[in-house]
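Shown here: input-v8.tsv, TSV, C-alpha atoms and all ligand atoms.
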```tsv
chain	number	residue	atom	x	y	z
V	255	MET	CA	6.65	15.93	-2.89
V	256	ARG	CA	8.93	15.58	-5.91
V	257	ILE	CA	11.33	12.80	-6.72
V	258	GLU	CA	14.36	14.24	-8.42
V	259	THR	CA	16.64	11.32	-9.13
V	260	LEU	CA	16.71	7.58	-8.76
V	261	LYS	CA	19.74	5.32	-8.93
V	262	LEU	CA	19.50	1.56	-9.12
V	263	LYS	CA	22.30	-0.93	-8.83
V	264	ASN	CA	21.73	-4.66	-9.33
V	265	TYR	CA	18.03	-4.12	-8.75
V	266	ARG	CA	15.89	-6.72	-10.62
V	267	ASN	CA	17.00	-6.58	-14.26
V	268	TYR	CA	18.97	-3.32	-13.87
V	269	ASP	CA	22.77	-3.30	-13.59
V	270	ASN	CA	23.14	0.41	-13.18
V	271	ALA	CA	20.55	3.06	-13.85
V	272	GLU	CA	20.49	6.76	-13.16
V	273	ILE	CA	17.27	8.57	-13.82
V	274	GLU	CA	16.38	12.22	-13.58
V	275	PHE	CA	12.63	12.81	-13.39
V	276	SER	CA	10.26	15.57	-14.41
V	277	ASP	CA	8.22	17.33	-11.72
V	278	THR	CA	5.02	16.45	-13.52
V	279	TYR	CA	4.38	13.43	-15.74
V	280	ASN	CA	6.97	10.73	-16.20
V	281	ILE	CA	5.96	8.32	-18.90
V	282	ILE	CA	7.90	5.08	-18.76
V	283	TYR	CA	7.21	2.99	-21.82
V	284	GLY	CA	8.51	-0.09	-23.58
V	285	ASN	CA	7.63	-3.64	-24.49
V	286	ASN	CA	6.60	-6.29	-21.99
V	287	ALA	CA	9.18	-7.66	-19.56
V	288	GLN	CA	11.72	-4.88	-20.10
V	289	GLY	CA	11.79	-3.36	-16.59
V	290	LYS	CA	9.08	-0.68	-16.40
V	291	THR	CA	7.35	-2.01	-13.31
V	292	ASN	CA	10.74	-2.61	-11.69
V	293	VAL	CA	11.36	1.15	-11.65
V	294	ILE	CA	7.98	1.89	-10.09
V	295	GLU	CA	8.46	-0.91	-7.60
V	296	SER	CA	11.78	0.51	-6.41
V	297	ILE	CA	10.11	3.88	-5.74
V	298	PHE	CA	7.30	2.19	-3.82
V	299	LEU	CA	9.86	0.32	-1.79
V	300	CYS	CA	11.45	3.62	-0.74
V	301	ALA	CA	8.05	4.85	0.43
V	302	THR	CA	6.88	1.78	2.32
V	303	GLY	CA	9.92	-0.39	2.97
V	304	ARG	CA	8.62	-3.21	0.80
V	305	SER	CA	7.80	-4.14	-2.74
V	306	HIS	CA	4.15	-4.22	-3.81
V	307	ARG	CA	4.79	-7.53	-5.57
V	308	THR	CA	6.73	-9.58	-3.07
V	309	SER	CA	7.67	-9.65	0.58
V	310	ARG	CA	10.97	-11.41	-0.19
V	311	ASP	CA	13.79	-8.92	-0.70
V	312	SER	CA	15.96	-11.64	-2.23
V	313	GLU	CA	13.72	-11.61	-5.31
V	314	LEU	CA	14.71	-8.01	-5.95
V	315	LEU	CA	18.35	-8.89	-6.22
V	316	LYS	CA	19.59	-9.13	-9.78
V	317	TYR	CA	20.26	-12.77	-10.59
V	318	GLY	CA	23.81	-13.66	-9.61
V	319	SER	CA	24.58	-10.43	-7.71
V	320	GLY	CA	25.62	-10.17	-4.09
V	321	PHE	CA	23.83	-6.90	-3.27
V	322	PHE	CA	21.45	-4.31	-4.60
V	323	GLU	CA	21.22	-0.61	-3.93
V	324	ILE	CA	18.60	2.10	-4.45
V	325	LEU	CA	19.29	5.79	-3.98
V	326	LEU	CA	16.34	8.12	-4.28
V	327	LYS	CA	16.54	11.89	-3.89
V	328	TYR	CA	13.41	13.96	-3.42
V	329	SER	CA	12.30	17.34	-2.21
V	330	LYS	CA	9.52	18.26	0.17
V	331	GLU	CA	8.05	21.59	1.15
V	332	ASN	CA	10.76	22.26	3.73
V	333	ALA	CA	13.54	19.84	3.04
V	334	ASP	CA	15.49	17.78	0.58
V	335	GLU	CA	15.95	14.18	1.54
V	336	GLU	CA	17.54	11.05	0.21
V	337	ILE	CA	16.65	7.48	0.91
V	338	HIS	CA	19.25	4.80	0.52
V	339	VAL	CA	18.42	1.11	0.51
V	340	LEU	CA	21.15	-1.49	0.62
V	341	TYR	CA	20.50	-5.19	0.57
V	342	SER	CA	23.08	-7.92	0.51
V	343	SER	CA	22.31	-11.59	0.33
V	344	ASP	CA	23.98	-12.36	3.65
V	345	GLU	CA	22.53	-9.45	5.62
V	346	ARG	CA	19.20	-7.81	6.12
V	347	LYS	CA	18.07	-4.80	4.15
V	348	LYS	CA	19.54	-1.57	5.49
V	349	ILE	CA	17.83	1.75	4.96
V	350	SER	CA	19.15	5.20	5.70
V	351	ILE	CA	17.68	8.64	5.32
V	352	ASN	CA	20.13	11.47	4.70
V	353	GLU	CA	22.87	8.97	5.50
V	354	ILE	CA	21.50	8.24	8.95
V	355	PRO	CA	20.77	4.52	9.27
V	356	LEU	CA	17.28	3.63	10.45
V	357	LYS	CA	17.05	1.30	13.42
V	358	LYS	CA	13.69	0.02	12.24
V	359	ILE	CA	11.83	0.01	8.94
V	360	GLY	CA	9.08	1.96	10.69
V	361	GLY	CA	11.39	4.98	10.69
V	362	LEU	CA	10.85	5.21	6.96
V	363	MET	CA	7.12	5.87	7.26
V	364	GLY	CA	5.97	9.39	6.60
V	365	HIS	CA	9.07	10.43	4.67
V	366	LEU	CA	8.23	9.72	1.05
V	367	ASN	CA	4.51	9.25	0.51
V	368	ALA	CA	3.40	7.34	-2.56
V	369	VAL	CA	0.08	6.15	-3.87
V	370	MET	CA	0.37	3.17	-6.18
V	371	PHE	CA	-2.26	1.97	-8.58
V	372	SER	CA	-1.34	-1.27	-10.33
V	373	PRO	CA	-3.25	-4.21	-11.78
V	374	GLU	CA	-2.71	-6.03	-8.45
V	375	ASP	CA	-4.97	-3.46	-6.80
V	376	LEU	CA	-7.97	-4.96	-8.54
V	377	LEU	CA	-7.50	-7.94	-6.23
V	378	MET	CA	-8.75	-5.60	-3.55
V	379	ILE	CA	-12.17	-6.06	-5.05
V	380	LYS	CA	-11.86	-9.51	-6.57
V	381	GLN	CA	-10.24	-11.35	-3.71
V	382	GLY	CA	-10.61	-11.87	0.00
V	383	PRO	CA	-10.29	-9.46	2.92
V	384	ALA	CA	-6.50	-9.75	3.25
V	385	GLU	CA	-6.05	-7.55	0.17
V	386	ARG	CA	-8.38	-4.94	1.60
V	387	ARG	CA	-6.60	-4.93	4.94
V	388	ARG	CA	-3.33	-4.49	3.10
V	389	PHE	CA	-4.74	-1.42	1.40
V	390	MET	CA	-5.71	0.15	4.72
V	391	ASP	CA	-2.37	-0.78	6.27
V	392	MET	CA	-0.24	0.60	3.44
V	393	THR	CA	-1.92	3.98	3.54
V	394	LEU	CA	-2.23	4.30	7.30
V	395	SER	CA	1.36	3.20	7.87
V	396	GLN	CA	2.65	5.87	5.53
V	397	LEU	CA	0.62	8.47	7.36
V	398	ARG	CA	1.43	7.34	10.88
V	399	PRO	CA	4.52	5.46	11.99
V	400	SER	CA	2.70	4.64	15.25
V	401	TYR	CA	0.12	2.68	13.25
V	402	PHE	CA	2.89	0.68	11.60
V	403	TYR	CA	4.42	-0.13	15.00
V	404	ASP	CA	1.01	-1.18	16.31
V	405	LEU	CA	0.62	-3.54	13.35
V	406	GLN	CA	3.98	-5.12	14.01
V	407	GLN	CA	3.24	-5.42	17.69
V	408	TYR	CA	-0.19	-6.90	17.01
V	409	ALA	CA	1.26	-9.53	14.68
V	410	LYS	CA	3.65	-10.62	17.43
V	411	ILE	CA	0.93	-10.76	20.07
V	412	LEU	CA	-1.35	-12.70	17.75
V	413	PHE	CA	1.37	-15.20	16.98
V	414	GLN	CA	2.15	-15.77	20.67
V	415	ARG	CA	-1.48	-15.96	21.65
V	416	ASN	CA	-2.25	-18.49	18.90
V	417	ASN	CA	0.67	-20.62	20.05
V	418	LEU	CA	-0.59	-20.44	23.57
V	419	LEU	CA	-4.09	-21.49	22.51
V	420	LYS	CA	-2.61	-24.52	20.77
V	421	ASN	CA	-0.37	-25.45	23.69
V	422	ILE	CA	-3.13	-25.27	26.28
V	423	SER	CA	-4.62	-28.48	24.93
V	424	THR	CA	-1.55	-30.40	26.07
V	425	ASP	CA	-0.63	-28.29	29.09
V	426	LYS	CA	-3.71	-27.06	30.95
V	427	LYS	CA	-1.66	-24.97	33.42
V	428	LEU	CA	-0.90	-22.52	30.64
V	429	ALA	CA	-4.56	-21.46	30.61
V	430	ASP	CA	-3.82	-19.06	33.50
V	431	THR	CA	-1.66	-16.88	31.28
V	432	LEU	CA	-4.28	-16.47	28.58
V	433	GLU	CA	-5.98	-13.50	30.17
V	434	VAL	CA	-2.82	-11.41	30.04
V	435	TRP	CA	-2.63	-12.04	26.31
V	436	ASP	CA	-6.29	-11.14	25.89
V	437	HIS	CA	-5.46	-7.74	27.28
V	438	HIS	CA	-2.39	-7.22	25.12
V	439	LEU	CA	-4.40	-8.20	22.07
V	440	ALA	CA	-7.35	-5.97	22.94
V	441	LYS	CA	-5.18	-2.97	23.70
V	442	THR	CA	-3.15	-2.93	20.49
V	443	GLY	CA	-6.00	-4.35	18.42
V	444	SER	CA	-8.35	-1.57	19.52
V	445	ARG	CA	-5.93	1.12	18.46
V	446	ILE	CA	-5.66	-0.42	14.99
V	447	MET	CA	-9.43	-0.84	14.67
V	448	ARG	CA	-10.13	2.74	15.71
V	449	SER	CA	-7.65	4.07	13.17
V	450	ARG	CA	-9.16	1.94	10.43
V	451	LYS	CA	-12.69	2.97	11.26
V	452	LEU	CA	-11.84	6.65	11.15
V	453	PHE	CA	-9.76	6.21	8.02
V	454	LEU	CA	-12.57	4.43	6.20
V	455	SER	CA	-15.23	6.92	7.14
V	456	ARG	CA	-13.09	9.69	5.65
V	457	LEU	CA	-12.16	7.62	2.63
V	458	ASP	CA	-15.79	6.71	2.07
V	459	THR	CA	-16.75	10.37	1.73
V	460	LEU	CA	-13.79	11.25	-0.46
V	461	SER	CA	-14.03	8.25	-2.78
V	462	GLY	CA	-17.81	8.67	-3.06
V	463	LEU	CA	-17.27	12.18	-4.39
V	464	ARG	CA	-14.58	11.04	-6.79
V	465	HIS	CA	-16.70	8.21	-8.05
V	466	SER	CA	-19.78	10.36	-8.70
V	467	ARG	CA	-17.68	12.67	-10.83
V	468	LEU	CA	-16.02	9.82	-12.68
V	469	THR	CA	-19.37	8.31	-13.59
V	470	ASN	CA	-21.46	11.45	-14.22
V	471	ASN	CA	-23.37	10.83	-11.00
V	472	GLU	CA	-24.57	7.49	-12.29
V	473	GLU	CA	-22.97	5.35	-9.64
V	474	SER	CA	-22.65	5.67	-5.94
V	475	LEU	CA	-19.61	4.03	-4.35
V	476	LYS	CA	-19.70	3.19	-0.65
V	477	LEU	CA	-16.97	1.88	1.61
V	478	ASN	CA	-17.97	0.45	4.94
V	479	TYR	CA	-15.70	-0.75	7.67
V	480	SER	CA	-16.61	-4.31	8.57
V	481	PRO	CA	-14.92	-5.40	11.80
V	482	SER	CA	-15.08	-8.86	13.37
V	483	PHE	CA	-17.45	-7.54	16.06
V	484	GLU	CA	-19.54	-4.41	16.43
V	485	TRP	CA	-19.06	-1.78	19.06
V	486	GLN	CA	-20.64	1.51	20.00
V	487	GLU	CA	-18.33	4.48	20.27
V	488	ILE	CA	-18.82	6.35	23.55
V	489	GLN	CA	-17.10	9.45	24.76
V	490	ASP	CA	-14.47	8.15	27.13
V	491	GLY	CA	-13.00	5.93	24.43
V	492	ASP	CA	-12.50	2.82	26.55
V	493	ASP	CA	-15.52	0.98	25.28
V	494	LEU	CA	-13.82	-0.74	22.38
V	495	GLU	CA	-11.20	-2.42	24.50
V	496	GLU	CA	-13.85	-3.65	26.91
V	497	GLU	CA	-16.02	-4.90	24.09
V	498	PHE	CA	-13.00	-6.66	22.60
V	499	ILE	CA	-12.35	-8.52	25.86
V	500	LYS	CA	-16.04	-9.39	26.24
V	501	ASN	CA	-16.15	-10.85	22.76
V	502	ILE	CA	-12.96	-12.76	23.15
V	503	LYS	CA	-14.23	-14.34	26.35
V	504	LYS	CA	-17.43	-15.33	24.58
V	505	ASN	CA	-15.36	-17.21	22.03
V	506	ARG	CA	-13.10	-18.97	24.53
V	507	GLN	CA	-14.19	-22.55	23.87
V	508	LYS	CA	-14.14	-22.12	20.11
V	509	GLU	CA	-10.67	-20.60	20.23
V	510	LEU	CA	-9.27	-23.38	22.41
V	511	LEU	CA	-10.72	-25.94	20.06
V	512	ARG	CA	-9.31	-24.30	16.96
V	513	GLY	CA	-6.10	-23.01	18.44
V	514	SER	CA	-6.50	-19.60	16.85
V	515	THR	CA	-7.71	-16.12	17.70
V	516	SER	CA	-11.24	-15.53	16.47
V	517	ILE	CA	-11.67	-11.75	16.57
V	518	GLY	CA	-9.57	-8.66	16.06
V	519	PRO	CA	-8.16	-6.50	13.27
V	520	HIS	CA	-6.73	-9.58	11.53
V	521	ARG	CA	-10.36	-10.41	10.72
V	522	ASP	CA	-11.39	-6.95	9.51
V	523	ASP	CA	-12.84	-6.31	6.10
V	524	ILE	CA	-14.20	-3.47	3.96
V	525	ASP	CA	-17.61	-3.70	2.31
V	526	ILE	CA	-17.35	-2.09	-1.08
V	527	THR	CA	-20.64	-1.47	-2.85
V	528	LEU	CA	-21.80	0.25	-6.04
V	529	ASN	CA	-25.38	1.47	-5.93
V	530	GLY	CA	-25.88	-0.80	-2.96
V	531	GLU	CA	-24.65	-3.99	-4.62
V	532	SER	CA	-21.39	-5.81	-3.86
V	533	THR	CA	-18.68	-4.77	-6.31
V	534	LYS	CA	-17.04	-8.17	-6.00
V	535	ILE	CA	-20.10	-10.02	-7.20
V	536	TYR	CA	-21.88	-7.65	-9.56
V	537	ALA	CA	-19.51	-5.01	-10.91
V	538	SER	CA	-18.06	-5.29	-14.41
V	539	GLN	CA	-14.29	-5.18	-14.94
V	540	GLY	CA	-14.48	-1.53	-15.89
V	541	GLN	CA	-16.63	-0.69	-12.87
V	542	GLN	CA	-14.21	-2.51	-10.60
V	543	ARG	CA	-11.29	-0.63	-12.11
V	544	THR	CA	-13.12	2.68	-11.76
V	545	SER	CA	-13.99	1.92	-8.14
V	546	VAL	CA	-10.35	1.28	-7.32
V	547	LEU	CA	-9.41	4.45	-9.19
V	548	SER	CA	-11.87	6.44	-7.05
V	549	MET	CA	-10.38	4.91	-3.92
V	550	LYS	CA	-6.86	5.77	-5.05
V	551	LEU	CA	-7.79	9.36	-5.87
V	552	ALA	CA	-9.40	9.57	-2.45
V	553	GLU	CA	-6.21	8.21	-0.94
V	554	ILE	CA	-4.33	11.09	-2.55
V	555	ASP	CA	-6.92	13.58	-1.24
V	556	LEU	CA	-6.61	12.19	2.23
V	557	MET	CA	-2.82	12.19	2.24
V	558	LYS	CA	-2.83	15.79	1.04
V	559	GLU	CA	-5.22	16.77	3.82
V	560	GLU	CA	-3.14	15.03	6.45
V	561	THR	CA	0.35	16.01	5.40
V	562	GLU	CA	-0.23	19.19	3.40
V	563	GLU	CA	1.94	17.70	0.69
V	564	SER	CA	0.97	15.79	-2.43
V	565	PRO	CA	2.11	12.20	-2.47
V	566	VAL	CA	3.74	10.94	-5.65
V	567	LEU	CA	1.50	8.82	-7.83
V	568	LEU	CA	2.63	5.52	-9.32
V	569	LEU	CA	0.41	4.23	-12.11
V	570	ASP	CA	1.48	0.87	-13.39
V	571	ASP	CA	-0.28	-0.36	-16.52
V	572	VAL	CA	-3.61	1.16	-15.60
V	573	LEU	CA	-4.01	4.25	-17.73
V	574	SER	CA	-4.17	2.35	-20.98
V	575	GLU	CA	-6.95	0.18	-19.55
V	576	LEU	CA	-9.30	3.06	-18.80
V	577	ASP	CA	-11.76	4.48	-21.31
V	578	ASP	CA	-11.06	7.98	-22.64
V	579	ARG	CA	-13.44	9.73	-20.27
V	580	ARG	CA	-11.93	8.19	-17.17
V	581	LYS	CA	-8.40	8.60	-18.46
V	582	GLU	CA	-8.95	12.31	-19.08
V	583	TYR	CA	-10.61	12.74	-15.69
V	584	LEU	CA	-7.66	11.09	-14.03
V	585	LEU	CA	-5.11	13.23	-15.85
V	586	ASP	CA	-7.13	16.38	-15.09
V	587	ASN	CA	-7.23	15.53	-11.45
V	588	ILE	CA	-3.61	14.81	-10.84
V	589	GLU	CA	-2.37	18.19	-11.89
V	590	GLY	CA	0.25	19.41	-9.45
V	591	ILE	CA	1.09	15.83	-8.53
V	592	GLN	CA	4.20	14.14	-9.75
V	593	ALA	CA	3.17	11.00	-11.59
V	594	PHE	CA	5.04	7.95	-12.85
V	595	ILE	CA	3.08	6.20	-15.54
V	596	THR	CA	4.03	2.98	-17.29
V	597	SER	CA	2.62	1.75	-20.56
V	598	THR	CA	3.61	-0.43	-23.46
V	599	GLU	CA	2.60	2.41	-25.81
V	600	LYS	CA	3.99	5.89	-25.94
V	601	ARG	CA	1.06	7.42	-27.73
V	602	PHE	CA	-1.63	6.69	-25.15
V	603	PHE	CA	-0.49	9.90	-23.48
V	604	THR	CA	-2.43	12.58	-25.27
V	605	ARG	CA	-1.65	15.63	-23.16
V	606	SER	CA	0.59	18.49	-24.12
V	607	THR	CA	3.98	17.02	-23.50
V	608	GLU	CA	5.60	20.27	-22.46
V	609	ASN	CA	6.32	19.17	-18.94
V	610	ALA	CA	6.15	15.46	-19.42
V	611	LYS	CA	9.28	13.44	-19.72
V	612	PHE	CA	9.38	10.19	-21.68
V	613	PHE	CA	11.59	7.26	-20.82
V	614	ILE	CA	12.08	4.22	-22.97
V	615	VAL	CA	12.88	0.96	-21.22
V	616	LYS	CA	14.61	-1.87	-23.01
V	617	GLN	CA	16.15	-4.95	-21.41
V	618	GLY	CA	16.98	-3.37	-18.11
V	619	LYS	CA	18.17	-0.06	-19.56
V	620	ILE	CA	16.20	3.13	-19.20
V	621	LYS	CA	16.80	6.21	-21.31
V	622	GLY	CA	15.20	9.66	-21.03
V	623	GLU	CA	14.15	11.29	-24.30
V	701	LIG	N1	15.83	-10.59	-9.61
V	701	LIG	C1	15.87	-10.41	-10.92
V	701	LIG	N2	17.05	-10.42	-11.59
V	701	LIG	C2	17.07	-10.22	-12.93
V	701	LIG	N3	16.00	-10.01	-13.68
V	701	LIG	C3	14.81	-9.99	-13.08
V	701	LIG	C4	14.67	-10.18	-11.67
V	701	LIG	N4	13.38	-10.09	-11.34
V	701	LIG	C5	12.72	-9.86	-12.50
V	701	LIG	N5	13.57	-9.80	-13.52
V	701	LIG	C6	13.25	-9.56	-14.93
V	701	LIG	O1	12.64	-8.28	-15.06
V	701	LIG	C7	11.76	-8.33	-16.17
V	701	LIG	C8	10.40	-7.83	-15.79
V	701	LIG	O2	10.46	-6.53	-15.43
V	701	LIG	P1	9.12	-5.70	-15.24
V	701	LIG	O3	8.16	-6.44	-14.42
V	701	LIG	O4	9.57	-4.37	-14.78
V	701	LIG	O5	8.61	-5.67	-16.73
V	701	LIG	P2	7.63	-4.61	-17.42
V	701	LIG	O6	8.45	-3.80	-18.37
V	701	LIG	O7	6.85	-3.91	-16.40
V	701	LIG	O8	6.74	-5.61	-18.28
V	701	LIG	P3	5.14	-5.66	-18.52
V	701	LIG	O9	4.87	-4.69	-19.63
V	701	LIG	O10	4.93	-7.04	-18.95
V	701	LIG	O11	4.47	-5.32	-17.24
V	701	LIG	C9	11.60	-9.76	-16.59
V	701	LIG	O12	12.27	-9.96	-17.79
V	701	LIG	C10	12.22	-10.52	-15.46
V	701	LIG	O13	12.79	-11.71	-15.88
V	702	MG	MG	4.90	-4.17	-15.75
```

Give the structure from the file, written as structure tokens.
Amino acid sequence: MRIETLKLKNYRNYDNAEIEFSDTYNIIYGNNAQGKTNVIESIFLCATGRSHRTSRDSELLKYGSGFFEILLKYSKENADEEIHVLYSSDERKKISINEIPLKKIGGLMGHLNAVMFSPEDLLMIKQGPAERRRFMDMTLSQLRPSYFYDLQQYAKILFQRNNLLKNISTDKKLADTLEVWDHHLAKTGSRIMRSRKLFLSRLDTLSGLRHSRLTNNEESLKLNYSPSFEWQEIQDGDDLEEEFIKNIKKNRQKELLRGSTSIGPHRDDIDITLNGESTKIYASQGQQRTSVLSMKLAEIDLMKEETEESPVLLLDDVLSELDDRRKEYLLDNIEGIQAFITSTEKRFFTRSTENAKFFIVKQGKIKGE
């Protein structure tokens, strides 16, 4: 996959920008707070339908403007496509692909695939499970629109079921309807959990390999899926749903007391360990960064395997934080992948610059060199 051009209008601190990219490395540099991340963010938004920094589209609108627009043209193995995003303050965001408006954001999934690595990704290790679920969801949604729809559906079911649990305390008759919601929850929830389990077992292998190479076989990185209840996979595939229902019934009293759903994919986590020890507790900053890097490289590997196309790689402020060995390994291993790399320094990029294109960003203006 190759992004050819990007146009921004009233996006963040950009009035109007038109950028033509290189097929290989795109180095976007400039001082702090000039608009480097904003460019990367707009690309990520075209891939996933949302910013990696905020879920509020209104924040993306240039102060004082009534609308913003992104137009991104890219080529794939068999097709050229363009994604157009239009947001105005009085309407919802509208997205079209090749000028055909999408009915739902889910329609965007699987068109432009992007892997982002930004400082926020370190939260995946440092913070709670929500960050780790987000990581799984971002990747799986890009790979499979059906996963994205399941997530949306699950969120609705969970919301309704939690409301019901709360309302039962004042209206006991409602308890009769709970079982129907158990089934809805278990059905959609099981699909999400199965996808995550499979995804993590593949990612575990791939990131383990990446990590061994990055650390000269000194460290072993393991990713383990950690669901809210355990189940045994059997052939016919219906066991998970049954187990889900069984567990939810076990927790009935607790759920009614708390007014919230106790098990399901919204409680999933990933155990990330280095040489058997929790990365969150024991790993140094550099080890945490390297672990995330291994996971991101594995994400690229997996996307390539699944789609037979390379995703584009968005590296925001991370390259300059890696030591030389890791930096070189990373650059060696993204050959053939179009990369967008931001940095405050131009000279951190030590490769032959034949194919690379440099862009300087200053106060919401970007200029190719
Ligand atoms: N909605 C908006 N309208 C106008 N300007 C905005 C908006 N949102 C953010 N900005 C401005 O964009 C700038 C930040 O852009 P960005 O995050 O891309 O910076 P950066 O070049 O990546 O900086 P750093 O090197 O610190 O990461 C800030 O000056 C901020 O005030
Ligand atoms: Mg930035």

### Task
Set the cut-off to 10 Å, count all atoms listed in the file, and list whatever residues fall near ligand MG 702 (chain V) as a PyMOL selection string.
chain V and resi 283-295+372-373+570-571+596-598

Within 12 Å of segment 428-446 of chain V: each segment 484-591 of chain V residue with its shortest pair, only C-alpha atoms, as a Markdown table:
```
| residue | atom | partner | partner_atom | distance |
| --- | --- | --- | --- | --- |
| V:Glu484 | CA | V:Ser444 | CA | 12.0 |
| V:Trp485 | CA | V:Ser444 | CA | 10.7 |
| V:Glu487 | CA | V:Ser444 | CA | 11.7 |
| V:Gly491 | CA | V:Ser444 | CA | 10.1 |
| V:Asp492 | CA | V:Ser444 | CA | 9.3 |
| V:Asp493 | CA | V:Ser444 | CA | 9.5 |
| V:Leu494 | CA | V:Ser444 | CA | 6.2 |
| V:Glu495 | CA | V:Ala440 | CA | 5.5 |
| V:Glu496 | CA | V:Ala440 | CA | 8.0 |
| V:Glu497 | CA | V:Ala440 | CA | 8.8 |
| V:Phe498 | CA | V:Ala440 | CA | 5.7 |
| V:Ile499 | CA | V:Ala440 | CA | 6.3 |
| V:Lys500 | CA | V:Ala440 | CA | 9.9 |
| V:Asn501 | CA | V:Ala440 | CA | 10.1 |
| V:Ile502 | CA | V:Asp436 | CA | 7.4 |
| V:Lys503 | CA | V:Asp436 | CA | 8.6 |
| V:Lys504 | CA | V:Asp436 | CA | 12.0 |
| V:Asn505 | CA | V:Asp436 | CA | 11.6 |
| V:Arg506 | CA | V:Leu432 | CA | 10.0 |
| V:Gln507 | CA | V:Ala429 | CA | 11.8 |
| V:Glu509 | CA | V:Leu432 | CA | 11.3 |
| V:Leu510 | CA | V:Ala429 | CA | 9.6 |
| V:Thr515 | CA | V:Leu439 | CA | 9.6 |
| V:Ser516 | CA | V:Leu439 | CA | 11.5 |
| V:Ile517 | CA | V:Gly443 | CA | 9.5 |
| V:Gly518 | CA | V:Gly443 | CA | 6.1 |
| V:Pro519 | CA | V:Gly443 | CA | 6.0 |
| V:His520 | CA | V:Gly443 | CA | 8.7 |
| V:Arg521 | CA | V:Gly443 | CA | 10.7 |
| V:Asp522 | CA | V:Ile446 | CA | 10.3 |
```

Using only the atoms of ligand LIG 701 (chain V) listed in the file, plus 8 Å on each side, state the axis-aligned box centre and edge lengths in Å rounded to one decimal, as lines of an AutoDock Vina configuration file.
```
center_x = 10.8
center_y = -7.8
center_z = -14.6
size_x = 28.6
size_y = 23.9
size_z = 26.0
```

Please provide the set of residues having any atom within 7 Å of Ala593 of chain V, restricted to only C-alpha atoms, with same-chain residues fewer than 6 positions apart removed, written as an mmCIF file with C-alpha atoms, keeping the file's coordinate frame.
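To be explicit, this is the file written out as out_2.cif:
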```
data_model
loop_
_atom_site.group_PDB
_atom_site.id
_atom_site.type_symbol
_atom_site.label_atom_id
_atom_site.label_comp_id
_atom_site.auth_asym_id
_atom_site.auth_seq_id
_atom_site.Cartn_x
_atom_site.Cartn_y
_atom_site.Cartn_z
ATOM 1 C CA THR V 278 5.020 16.450 -13.520
ATOM 2 C CA TYR V 279 4.380 13.430 -15.740
ATOM 3 C CA ASN V 280 6.970 10.730 -16.200
ATOM 4 C CA VAL V 566 3.740 10.940 -5.650
ATOM 5 C CA LEU V 567 1.500 8.820 -7.830
ATOM 6 C CA LEU V 568 2.630 5.520 -9.320
#
```

### Query
Taking (-10.1, 2.6, -5.4) in the file's coordinates as the center, which residues reach within 9 Å of it, counting only C-alpha atoms, put as a ChimeraX atom specification?
/V:371,375-376,378-379,461,542-553

### Task
Kindly indicate which residue among V:Lys380, V:Lys619, V:Lys348, V:Lys420 lies nearest to ligand LIG 701 (chain V), using all atoms listed in the file for the distances.
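With all atoms listed in the file as the atom set, the closest residue is V:Lys619.
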
#### Entry: Two-atom distance - atom O12 of ligand LIG 701 (chain V), atom CA of Leu362 of chain V (Å)
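Atom-to-atom, atom O12 of ligand LIG 701 (chain V) and atom CA of Leu362 of chain V are spaced 29.1 Å apart.
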
#### Entry: Pick from V:Asn478, V:Ser532, V:Asn367, V:Asn270, whichever lies nearest to Gln396 of chain V using all atoms listed in the file
V:Asn367

### Task
Counting all atoms listed in the file, figure out which residue out of V:His365, V:Lys357, V:Arg304, V:Arg310 gets nearest to ligand LIG 701 (chain V).
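Of V:His365, V:Lys357, V:Arg304, V:Arg310, the one nearest ligand LIG 701 (chain V), counting all atoms listed in the file, is V:Arg310.
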
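Candidate residues V:Tyr583, V:Val572, V:Phe322, V:Leu418 were compared for distance to Asn470 of chain V, and the nearest is V:Tyr583, using only C-alpha atoms.
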
### Shell around Ser480 of chain V at 8 Å using all atoms listed in the file, local window under 4 positions removed, as a PyMOL selection string
chain V and resi 522-525

### Message
Given the point (-4.1, -3.8, 9.7) in the coordinates of this file, which residues lie within 12 Å, counting only C-alpha atoms, and how would they look as a PyMOL selection string?
### Response
chain V and resi 383-395+401-409+442-451+453+481+518-524

### Query
For Phe612 of chain V, which residue out of V:Leu468, V:Ala271, V:Ile282, V:Leu356 is the nearest one, using only C-alpha atoms?
V:Ile282

### Message
For a quick check of understanding, using all atoms listed in the file, which of V:Ala368, V:Val615, V:Val339, V:Cys300 has the smallest distance to Ile354 of chain V?
### Response
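Under the stated criterion, the closest residue is V:Val339.
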